[in-house]
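Asker: I'd like to ask some things about the structure below.
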Amino acid sequence: MKLKICGMKYPENILEVGALLPDYMGFIFYEKSARYFNGTIPELIKTIKKAGVFVNESVENIINKINEHNLQAVQLHGEESVAFCQELKNKMDNKIEIIKVFSVGDDFDFEVVKPFENVCNYFLFDTKGKLPGGNGTTFDWKILKNYKSDKPFFLSGGIGLEEIAAIKNLKLPVYAIDVNSRFEIESGLKNKNLLTNFKRKLEIVNL
């Protein structure tokens with residue numbers, strides 16, 4: 001399982017966390033978010049993929065951000081349609097990873113993800129809450145037993161050190177673990193020591 005650290009905001013902290021070599025770092029380009037990123041991403045080691053997080057943004061604006069920040073992945077956290085994902089995929093000539101987010105509650109129907117299988121590289125399952133993301137709570141992972149697709153996915157939603165044991169027991173195509181609010185000193189400012197500990201424990205799970 002790979003590691004994505006999302007909601008990065010401050011240049012010094014970005015470099016500090018980047019030294020841990022996560023597989024992905026996420027930058028939120030949604031103005032209503034407390035973790036809204038409106039700066040310049042400092043130079044990162046090339047193995048770290050930069051993911052832009054968008055909520056109901058236009059294809060044109062997403063492509064502008066991809067080019068401005070040299071993003072390798074796009075995370076769609078709104079109500080983007082299959083046609084929208086297809087348009088973005090076509091205009092980027094398949095050169096960008098598209099991650100479609102689904103907010104999961106107790107009554108979530110995994111049938112809704114099927115139409116997106118051919119237009120996205122990955123799904124991301126987050127906790128349904130008041131905000132598009134960063135609500136800081138986990139959903140009941142038992143519902144994932146209803147996931148029948150072979151499409152690898154990111155698992156998100158209030159994941160902290162306490163969830164490591166449950167992650168170890170997942171028998172599903174989890175491509176990456178996505179962490180954010182549980183490792184923050186304040187919105188957008190990550191605790192490097194906690195992340196170091198989590199990454200080490202996640203690596204043990206992967207053995």
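To be explicit about the labels: the chains of the structure tokens are called A, B, and onward in the order shown, and within each one the residues are counted from 1, while ligands get numbers from 1 in the order they are shown.
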Just asking: which residues within chain A are helix (DSSP H, G or I) according to DSSP, as a ChimeraX atom specification?
Answerer: /A:11-18,59-69,82-91,110-116,141-146,161-168,181-183,192-206
Asker: Tell me, counting only C-alpha atoms, for each residue of stretch 65-125 of chain A within 12 Å of stretch 167-174 of chain A, which pair of atoms is nearest and how far apart they are in Å to one decimal, in rows ordered by chain and increasing number, as a tab-separated table.
Answerer:
```
residue	atom	partner	partner_atom	distance
A:Tyr122	CA	A:Val174	CA	10.0
A:Phe123	CA	A:Val174	CA	9.8
A:Leu124	CA	A:Val174	CA	9.6
A:Phe125	CA	A:Val174	CA	10.2
```
Asker: So that I can check the surroundings of stretch 143-155 of chain A, please list as a short mmCIF file (atom, residue, chain, number, x, y, z; two decimals) with N, CA, C and O atoms, in the first residue's frame every protein, DNA and RNA residue that reaches within 10 Å of it, counting only C-alpha atoms and ignoring chain neighbours fewer than 6 positions away.
Answerer:
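Wrote result_16.cif, looks like this:
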```cif
data_model
loop_
_atom_site.label_atom_id
_atom_site.label_comp_id
_atom_site.auth_asym_id
_atom_site.auth_seq_id
_atom_site.Cartn_x
_atom_site.Cartn_y
_atom_site.Cartn_z
N MET A 1 0.82 -1.20 0.00
CA MET A 1 0.00 0.00 0.00
C MET A 1 0.86 1.25 0.00
O MET A 1 1.81 1.37 0.77
N LYS A 2 0.49 2.17 -0.87
CA LYS A 2 1.23 3.42 -0.94
C LYS A 2 0.64 4.42 0.04
O LYS A 2 -0.43 4.21 0.61
N LEU A 3 1.37 5.53 0.23
CA LEU A 3 0.94 6.54 1.19
C LEU A 3 0.76 7.88 0.49
O LEU A 3 1.65 8.35 -0.23
N LYS A 4 -0.41 8.49 0.73
CA LYS A 4 -0.67 9.84 0.24
C LYS A 4 -0.91 10.74 1.45
O LYS A 4 -1.74 10.44 2.31
N ILE A 99 -8.24 10.46 -10.12
CA ILE A 99 -8.75 9.78 -8.92
C ILE A 99 -10.14 10.34 -8.64
O ILE A 99 -10.29 11.53 -8.34
N LYS A 100 -11.16 9.51 -8.76
CA LYS A 100 -12.53 9.97 -8.49
C LYS A 100 -12.93 9.60 -7.07
O LYS A 100 -12.81 8.44 -6.66
N VAL A 101 -13.39 10.60 -6.33
CA VAL A 101 -13.73 10.42 -4.93
C VAL A 101 -15.22 10.11 -4.75
O VAL A 101 -16.06 10.71 -5.42
N VAL A 104 -18.60 7.97 1.40
CA VAL A 104 -19.24 6.72 1.81
C VAL A 104 -19.95 6.88 3.16
O VAL A 104 -19.34 7.25 4.15
N GLY A 105 -21.24 6.57 3.15
CA GLY A 105 -22.03 6.47 4.37
C GLY A 105 -22.50 5.04 4.55
O GLY A 105 -22.14 4.15 3.77
N ASP A 106 -23.32 4.82 5.55
CA ASP A 106 -23.77 3.45 5.85
C ASP A 106 -24.59 2.84 4.73
O ASP A 106 -24.65 1.62 4.61
N ASP A 107 -25.23 3.69 3.92
CA ASP A 107 -26.11 3.17 2.87
C ASP A 107 -25.49 3.33 1.48
O ASP A 107 -26.21 3.29 0.48
N PHE A 108 -24.18 3.46 1.40
CA PHE A 108 -23.53 3.69 0.11
C PHE A 108 -23.71 2.49 -0.81
O PHE A 108 -23.53 1.34 -0.41
N ASP A 109 -24.06 2.78 -2.07
CA ASP A 109 -24.26 1.74 -3.08
C ASP A 109 -23.07 1.74 -4.04
O ASP A 109 -22.89 2.69 -4.80
N PHE A 110 -22.27 0.70 -4.01
CA PHE A 110 -21.06 0.65 -4.83
C PHE A 110 -21.35 0.52 -6.32
O PHE A 110 -20.44 0.62 -7.14
N GLU A 111 -22.61 0.33 -6.68
CA GLU A 111 -22.96 0.28 -8.09
C GLU A 111 -22.67 1.62 -8.78
O GLU A 111 -22.43 1.66 -9.98
N VAL A 113 -20.12 3.40 -8.70
CA VAL A 113 -18.73 3.58 -9.15
C VAL A 113 -18.49 2.92 -10.50
O VAL A 113 -17.54 3.29 -11.21
N LYS A 114 -19.33 1.96 -10.87
CA LYS A 114 -19.06 1.16 -12.07
C LYS A 114 -18.91 1.98 -13.35
O LYS A 114 -18.00 1.73 -14.15
N PHE A 116 -17.63 4.70 -13.83
CA PHE A 116 -16.38 5.46 -13.82
C PHE A 116 -15.14 4.59 -14.04
O PHE A 116 -14.03 5.11 -14.14
N GLU A 117 -15.32 3.28 -14.11
CA GLU A 117 -14.17 2.38 -14.15
C GLU A 117 -13.23 2.65 -15.33
O GLU A 117 -12.01 2.53 -15.20
N ASN A 118 -13.79 3.01 -16.47
CA ASN A 118 -12.97 3.19 -17.67
C ASN A 118 -12.44 4.60 -17.86
O ASN A 118 -11.66 4.85 -18.79
N CYS A 120 -11.32 6.56 -15.05
CA CYS A 120 -10.48 6.93 -13.89
C CYS A 120 -9.40 5.88 -13.67
O CYS A 120 -9.59 4.71 -13.96
N ASN A 121 -8.28 6.33 -13.13
CA ASN A 121 -7.21 5.40 -12.78
C ASN A 121 -7.47 4.73 -11.44
O ASN A 121 -7.16 3.55 -11.24
N TYR A 122 -8.04 5.51 -10.53
CA TYR A 122 -8.31 5.00 -9.18
C TYR A 122 -9.59 5.63 -8.65
O TYR A 122 -10.01 6.70 -9.09
N PHE A 123 -10.18 4.95 -7.68
CA PHE A 123 -11.24 5.54 -6.88
C PHE A 123 -10.64 5.95 -5.53
O PHE A 123 -9.57 5.46 -5.15
N LEU A 124 -11.33 6.82 -4.84
CA LEU A 124 -10.96 7.14 -3.46
C LEU A 124 -12.24 7.15 -2.64
O LEU A 124 -13.21 7.82 -2.99
N PHE A 125 -12.24 6.37 -1.57
CA PHE A 125 -13.41 6.29 -0.70
C PHE A 125 -13.13 7.07 0.58
O PHE A 125 -12.19 6.77 1.33
N ASP A 126 -13.96 8.10 0.81
CA ASP A 126 -13.80 8.99 1.95
C ASP A 126 -15.08 8.94 2.78
O ASP A 126 -16.11 8.44 2.34
N THR A 127 -15.00 9.49 3.98
CA THR A 127 -16.16 9.50 4.86
C THR A 127 -17.15 10.59 4.45
O THR A 127 -16.76 11.74 4.24
N ILE A 167 -6.10 -1.68 9.03
CA ILE A 167 -5.54 -1.65 7.67
C ILE A 167 -4.88 -2.99 7.35
O ILE A 167 -5.02 -3.53 6.25
N LEU A 170 -7.30 -5.68 6.10
CA LEU A 170 -8.08 -5.47 4.89
C LEU A 170 -7.63 -6.44 3.79
O LEU A 170 -6.45 -6.54 3.48
N LYS A 171 -8.56 -7.14 3.21
CA LYS A 171 -8.26 -8.09 2.13
C LYS A 171 -8.87 -7.58 0.83
O LYS A 171 -9.65 -8.25 0.17
N LEU A 172 -8.50 -6.35 0.49
CA LEU A 172 -9.09 -5.67 -0.65
C LEU A 172 -8.00 -5.00 -1.48
O LEU A 172 -6.87 -4.84 -1.00
N PRO A 173 -8.34 -4.58 -2.73
CA PRO A 173 -7.32 -3.94 -3.57
C PRO A 173 -7.04 -2.49 -3.17
O PRO A 173 -7.26 -1.56 -3.94
N VAL A 174 -6.58 -2.30 -1.92
CA VAL A 174 -6.26 -0.94 -1.45
C VAL A 174 -4.93 -0.53 -2.07
O VAL A 174 -3.89 -1.13 -1.77
N TYR A 175 -4.98 0.46 -2.92
CA TYR A 175 -3.76 0.93 -3.59
C TYR A 175 -2.96 1.86 -2.70
O TYR A 175 -1.73 1.82 -2.68
N ALA A 176 -3.68 2.72 -1.95
CA ALA A 176 -2.98 3.70 -1.13
C ALA A 176 -3.83 4.10 0.07
O ALA A 176 -5.06 4.07 0.01
N ILE A 177 -3.16 4.49 1.13
CA ILE A 177 -3.80 5.07 2.30
C ILE A 177 -3.61 6.58 2.23
O ILE A 177 -2.50 7.06 2.02
N ASP A 178 -4.70 7.30 2.40
CA ASP A 178 -4.69 8.76 2.28
C ASP A 178 -4.92 9.36 3.67
O ASP A 178 -5.96 9.13 4.29
N VAL A 179 -3.94 10.12 4.17
CA VAL A 179 -4.07 10.72 5.50
C VAL A 179 -4.05 12.23 5.41
O VAL A 179 -3.49 12.81 4.47
#
```
Asker: Give me the stretch 5-106 of chain A side of the contact with stretch 186-202 of chain A, cut-off 7 Å, one line per residue showing its nearest atom pair and distance in Å at one decimal, counting only C-alpha atoms, sorted by chain and residue number, as JSON lines.
Answerer:
```
{"residue": "A:Gly7", "atom": "CA", "partner": "A:Gly188", "partner_atom": "CA", "distance": 5.4}
{"residue": "A:Met8", "atom": "CA", "partner": "A:Gly188", "partner_atom": "CA", "distance": 5.1}
{"residue": "A:Lys9", "atom": "CA", "partner": "A:Gly188", "partner_atom": "CA", "distance": 4.9}
{"residue": "A:Tyr10", "atom": "CA", "partner": "A:Leu189", "partner_atom": "CA", "distance": 6.7}
{"residue": "A:Asn13", "atom": "CA", "partner": "A:Leu189", "partner_atom": "CA", "distance": 6.6}
{"residue": "A:Val17", "atom": "CA", "partner": "A:Lys192", "partner_atom": "CA", "distance": 5.9}
{"residue": "A:Leu20", "atom": "CA", "partner": "A:Thr196", "partner_atom": "CA", "distance": 6.8}
{"residue": "A:Ala34", "atom": "CA", "partner": "A:Ser187", "partner_atom": "CA", "distance": 6.1}
{"residue": "A:Arg35", "atom": "CA", "partner": "A:Gly188", "partner_atom": "CA", "distance": 4.9}
```
Asker: Atom CA of A:Tyr36 and atom CA of A:Val112 are how many Å apart?
Answerer: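 So the two atoms, atom CA of A:Tyr36 and atom CA of A:Val112, lie 28.4 Å apart.
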Asker: Using only C-alpha atoms, pick whichever of A:Leu21, A:Ile63, A:Val55, A:Leu207 has the shortest atom-to-atom distance to A:Met92.
Answerer: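 Closest to A:Met92 of all the choices is A:Ile63.
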Asker: Please give the complete set of residues from stretch 41-189 of chain A that DSSP, run on the backbone, assigns to strand (DSSP E), formatted as a ChimeraX atom specification.
Answerer: /A:49-54,73-76,97-104,122-127,153-155,174-179,184-186,189
Asker: Under the rule that only C-alpha atoms are counted, which of A:Ala166, A:Ile48, A:Val74, A:Cys85 is the nearest residue to A:Met25?
Answerer: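 With only C-alpha atoms as the atom set, the closest residue is A:Ile48.
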Asker: To one decimal place in Å, what is the distance between atom CA of A:Gln75 and atom CA of A:Glu97?
Answerer: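 Calculated distance between atom CA of A:Gln75 and atom CA of A:Glu97 is 8.4 Å.
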